[in-house]
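First comes the structure, then the notes that go with it.
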Amino acid sequence: MCGLPTRKEKITMAEFVKLSPNEVKFLHEQNPDLVSYNVEFAEVTGGTFWKAYTPEQIAGTEPFVVRPSADGIAAMYKDLMQVYPPIDLYNPKLRKLTKDLGTCWCRVSGTWATKTYYDFDGEYAPGQVPEGYLNVLTKEQWIGVLDFVRDCGLKLKVSVANCPGLHSAEEPWPSTEAEKLFSFSKAYGVPIMAAEFANEPNMLEDTGFPAGYKAEHYCRDADLFAKWLKENYPECLYVGTSDTGGADVSFGKMGRDQGAGGVEQLARDSASCEDLLSGLKEPLDVFSYHYYNGISDRLASVMPAGHWAPEEANGEDYLDTAMKFCRAYIPYRDKYAPGTEMWVTESGDAGGGGDTWASTYLDVLRTLNELGGFSALTRGIIFHNTLTASDYAYLARFVHDPRPNFFAVKLWIELMGTDVFASGEPVREGAHVYVQSYKADPTKKCYLIINNSETETTTVEAPNDGLIWVLNGKDGFKRATVMTLNGRDLVLGENWELPDLSGAPVKAGKIELAPMTCTFLVV
């Protein structure tokens with residue numbers, strides 16, 4: 001059933017949910033910037049990133065096949081990636097849609113940030129890169145970032161260079177490059193408000209660190225960075241460690257016999273979360289980690305244990321992956337950074353640029369379930385990867401057309417208040433139920449109810465009249481690139497105006513929620 005739910009006296013259903021908004025237990029207040037996002041450093045400078053899938057692969061009518069190369073993963077990359085020009089952050093459509101998402105945090109980082117030289121004085125000609133670095137950031141490119149952040153009302157978060165061009169493993173990290181970035185940004189009037197020392201430091205050399213770099217080198221240098229930050233830019237939050245799969249959890253189907261399937265399997269050497277945290281002497285202001293639900297189709301042949309099939313993408317194990325990550329990292333936060341928020345500084349459906357269905361309605365279930373589940377577990381922020389790069393982005397690259405996830409998080413931002421409550425409903429197929437205050441009227445509750453069953457209708461009993469927003473794939477197709485809201489297609493109008501996102505009135509009583517729908521319900 002598409003569109004608005006109908007009421008029936010008798011119906012066979014998989015699950016029944018009775019809402020009791022006046023009886024739910026208050027948990028905590030959520031950070032209003034929960035929905036934030038990344039702009040990859042490789043986008044800013046231009047560089048290598050994942051090739052897009054074909055429309056047929058996105059629809060699931062053409063298989064995506066990659067065969068491992070005898071020459072290793074690096075040989076495969078050349079067929080999976082391409083060189084992209086720098087992003088135009090002055091693009092009026094991009095600016096307009098970014099403002100439509102509202103104020104939040106923007107993280108400009110990624111593996112490339114670790115290996116970037118800040119050429120603010122024009123030392124190098126285009127295409128030239130100093131020895132020991134991978135790429136160059138020009139002053140004009142960074143001004144583009146700062147103008148974008150200021151114009152869109154964002155708060156800026158970064159990571160800094162730490163590569164062979166800066167120092168060797170045995171030499172302490174120098175602050176010379178970081179000082180360029182921080183001092184220029186502050187003088188320009190857009191100070192850096194949060195920083196992590198490095199992107200995914202558990203990968204050590206494979207994240208760009210100097211040869212022979214170990215966990216003890218990281219701890220030494222991260223402490224140097226933290227001291228420098230607090231002495232020179234005390235208003236900037238120190239965030240860490242932003243590792244990936246280092247807390248005894250990994251991407252993919254955890255616990256399978258063939259292994260956890262984490263990206264760290266690609267690394268020549270790696271460190272655990274404990275390794276990175278136990279040697280730190282300087283306290284963190286924010287505890288952070290990276291989470292992806294799995295390994296994308298692009299890397300499935302290399303790490304099959306890390307990849308989920310599309311038929312599994314609405315299942316309980318799949319949808320619980322984000323919460324498994326969060327629950328695994330909470331003890332580390334409580335031990336090494338007690339009382340701080342949890343920031344997921346990279347998140348998305350799959351490492352490796354996203355799965356073939358990442359740009360479709362099917363990923364909306366995962367995205368909204370992650371927001372609801374994480375919000376119920378802790379206070380913090382989730383940085384979606386990315387705003388407008390690769391198949392998991394909110395906006396399509398170059399043309400910046402909104403994907404289903406864009407409209408899904410727009411509704412979350414508009415509807416969900418900051419007071420988080422326990423729904424009282426156990427999470428189960430057909431009934432993933434989350435509840436927060438209603439942003440427009442905190443005296444009311446806004447429920448998110450995900451019916452992830454492909455066959456059964458879920459019935460919800462509401463105690464009073466309210467408003468309802470039902471999301472579905474166009475024509476009921478779970479891999480649709482267009483999502484519907486109460487039966488209306490969510491597509492841009494003239495001058496990139498957002499479509500009608502208003503809810504529909506709904507009467508008290510029993511409400512049927514069709515299979516594979518995500519519903520916001522205010523009562």
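By order in the structure tokens, chains are A, B, ...; within a chain, residues start at 1; ligands start at 1, following the order shown.
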
- request: Please return as a VMD selection string: the residues of segment 152-181 of chain A that backbone DSSP assigns to strand (DSSP E).
  value: chain A and resid 155 to 159

task: Based on DSSP run over this structure's backbone, return all residues of segment 342-402 of chain A in alpha helix (DSSP H), as a list in words.
output: Leu362, Asp363, Val364, Leu365, Arg366, Thr367, Leu368, Asn369, Glu370, Leu371, Gly372, Gly373, Phe374, Ser375, Ala376 and Leu377 of chain A

Kindly save the residues from that selection, with C-alpha atoms included, as a PDB file, in the first residue's frame.
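Contents of result_38.pdb, as written:
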ATOM      1  CA  LEU A 362      16.178   1.109   0.403  1.00  0.00           C
ATOM      2  CA  ASP A 363      18.913   2.953   2.294  1.00  0.00           C
ATOM      3  CA  VAL A 364      16.390   5.280   3.942  1.00  0.00           C
ATOM      4  CA  LEU A 365      15.437   2.488   6.343  1.00  0.00           C
ATOM      5  CA  ARG A 366      19.046   2.180   7.488  1.00  0.00           C
ATOM      6  CA  THR A 367      19.582   5.947   7.725  1.00  0.00           C
ATOM      7  CA  LEU A 368      16.479   6.687   9.797  1.00  0.00           C
ATOM      8  CA  ASN A 369      16.971   3.598  11.946  1.00  0.00           C
ATOM      9  CA  GLU A 370      20.535   4.721  12.679  1.00  0.00           C
ATOM     10  CA  LEU A 371      19.367   8.182  13.719  1.00  0.00           C
ATOM     11  CA  GLY A 372      16.632   6.773  15.937  1.00  0.00           C
ATOM     12  CA  GLY A 373      18.690   3.985  17.480  1.00  0.00           C
ATOM     13  CA  PHE A 374      21.816   6.058  18.082  1.00  0.00           C
ATOM     14  CA  SER A 375      19.772   8.900  19.529  1.00  0.00           C
ATOM     15  CA  ALA A 376      18.159   6.532  22.016  1.00  0.00           C
ATOM     16  CA  LEU A 377      21.576   5.214  23.111  1.00  0.00           C
TER      17      LEU A 377
END

- request: Compare A:Pro86, A:Pro426, A:Gly348, A:Pro174 by their minimum atom-to-atom distance to Gly144 of chain A, counting only C-alpha atoms, and give me the closest one.
  value: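 The answer is A:Pro86, which sits nearest to Gly144 of chain A.
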
If you take only C-alpha atoms and a cut-off of 12 Å, which residues of segment 133-224 of chain A touch segment 35-51 of chain A, and what are their nearest atom pairs and distances in Å to one decimal, in chain and number order, as a tab-separated table?
residue	atom	partner	partner_atom	distance
A:Leu134	CA	A:Gly47	CA	9.7
A:Asn135	CA	A:Thr45	CA	7.4
A:Val136	CA	A:Thr45	CA	6.7
A:Leu137	CA	A:Thr45	CA	5.6
A:Thr138	CA	A:Thr45	CA	7.7
A:Lys139	CA	A:Thr45	CA	10.5
A:Glu140	CA	A:Thr45	CA	10.1
A:Gln141	CA	A:Val44	CA	6.4
A:Trp142	CA	A:Val44	CA	7.7
A:Ile143	CA	A:Val44	CA	10.4
A:Gly144	CA	A:Val44	CA	8.4
A:Val145	CA	A:Val44	CA	7.6
A:Leu146	CA	A:Val44	CA	11.3
A:Phe148	CA	A:Val39	CA	10.9
A:Val149	CA	A:Val39	CA	10.7
A:Leu154	CA	A:Ser36	CA	9.4
A:Lys155	CA	A:Ser36	CA	9.7
A:Leu156	CA	A:Asn38	CA	10.0
A:Lys157	CA	A:Asn38	CA	9.1
A:Val158	CA	A:Phe41	CA	9.2
A:Ser159	CA	A:Phe41	CA	9.6
A:Val160	CA	A:Phe41	CA	10.6
A:Ala161	CA	A:Phe41	CA	11.3
A:Asn199	CA	A:Phe41	CA	10.9

Take the residues that were just selected and, keeping C-alpha atoms, output them as a short mmCIF file (atom, residue, chain, number, x, y, z; two decimals), in the first residue's frame.
data_model
loop_
_atom_site.label_atom_id
_atom_site.label_comp_id
_atom_site.auth_asym_id
_atom_site.auth_seq_id
_atom_site.Cartn_x
_atom_site.Cartn_y
_atom_site.Cartn_z
CA LEU A 134 49.85 13.22 -2.03
CA ASN A 135 48.05 16.44 -2.95
CA VAL A 136 47.98 20.21 -2.54
CA LEU A 137 45.32 22.53 -1.12
CA THR A 138 45.42 26.04 -2.56
CA LYS A 139 44.38 29.21 -0.75
CA GLU A 140 41.53 29.72 -3.23
CA GLN A 141 40.21 26.20 -2.58
CA TRP A 142 40.24 26.72 1.18
CA ILE A 143 38.57 30.11 0.85
CA GLY A 144 35.84 28.26 -1.07
CA VAL A 145 35.35 25.99 1.93
CA LEU A 146 35.28 28.90 4.38
CA PHE A 148 30.60 27.80 1.94
CA VAL A 149 30.66 27.19 5.70
CA LEU A 154 27.75 25.67 9.36
CA LYS A 155 30.36 24.82 11.97
CA LEU A 156 33.68 23.56 10.61
CA LYS A 157 35.52 20.43 11.71
CA VAL A 158 38.83 19.23 10.20
CA SER A 159 41.75 16.85 10.59
CA VAL A 160 45.35 17.81 9.87
CA ALA A 161 48.35 16.63 7.87
CA ASN A 199 41.25 10.30 9.88
#

task: Mind checking which residues fall within 8 Å of Ala211 of chain A, counting only C-alpha atoms, ignoring those fewer than 4 positions away in the same chain, and posting them as an MDAnalysis selection string?
output: chainID A and resid 164 168:169 205

Keeping only N, CA, C and O atoms, take the residues you just selected and write them out as a compact mmCIF listing (two decimals), in the first residue's frame.
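Once everything was written out, this is part.txt:
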# COMPACT_ATOMS: atom_id res chain seq x y z
N PRO A 164 54.68 11.56 5.54
CA PRO A 164 56.15 11.57 5.40
C PRO A 164 56.71 12.93 4.97
O PRO A 164 57.88 13.21 5.25
N SER A 168 59.23 12.17 9.95
CA SER A 168 59.37 10.71 9.99
C SER A 168 58.70 10.17 11.24
O SER A 168 58.32 10.93 12.13
N ALA A 169 58.58 8.85 11.30
CA ALA A 169 57.93 8.23 12.46
C ALA A 169 58.67 8.55 13.75
O ALA A 169 58.05 8.69 14.81
N GLU A 205 50.11 3.39 8.60
CA GLU A 205 50.71 3.81 7.34
C GLU A 205 49.70 3.93 6.21
O GLU A 205 49.82 4.79 5.33
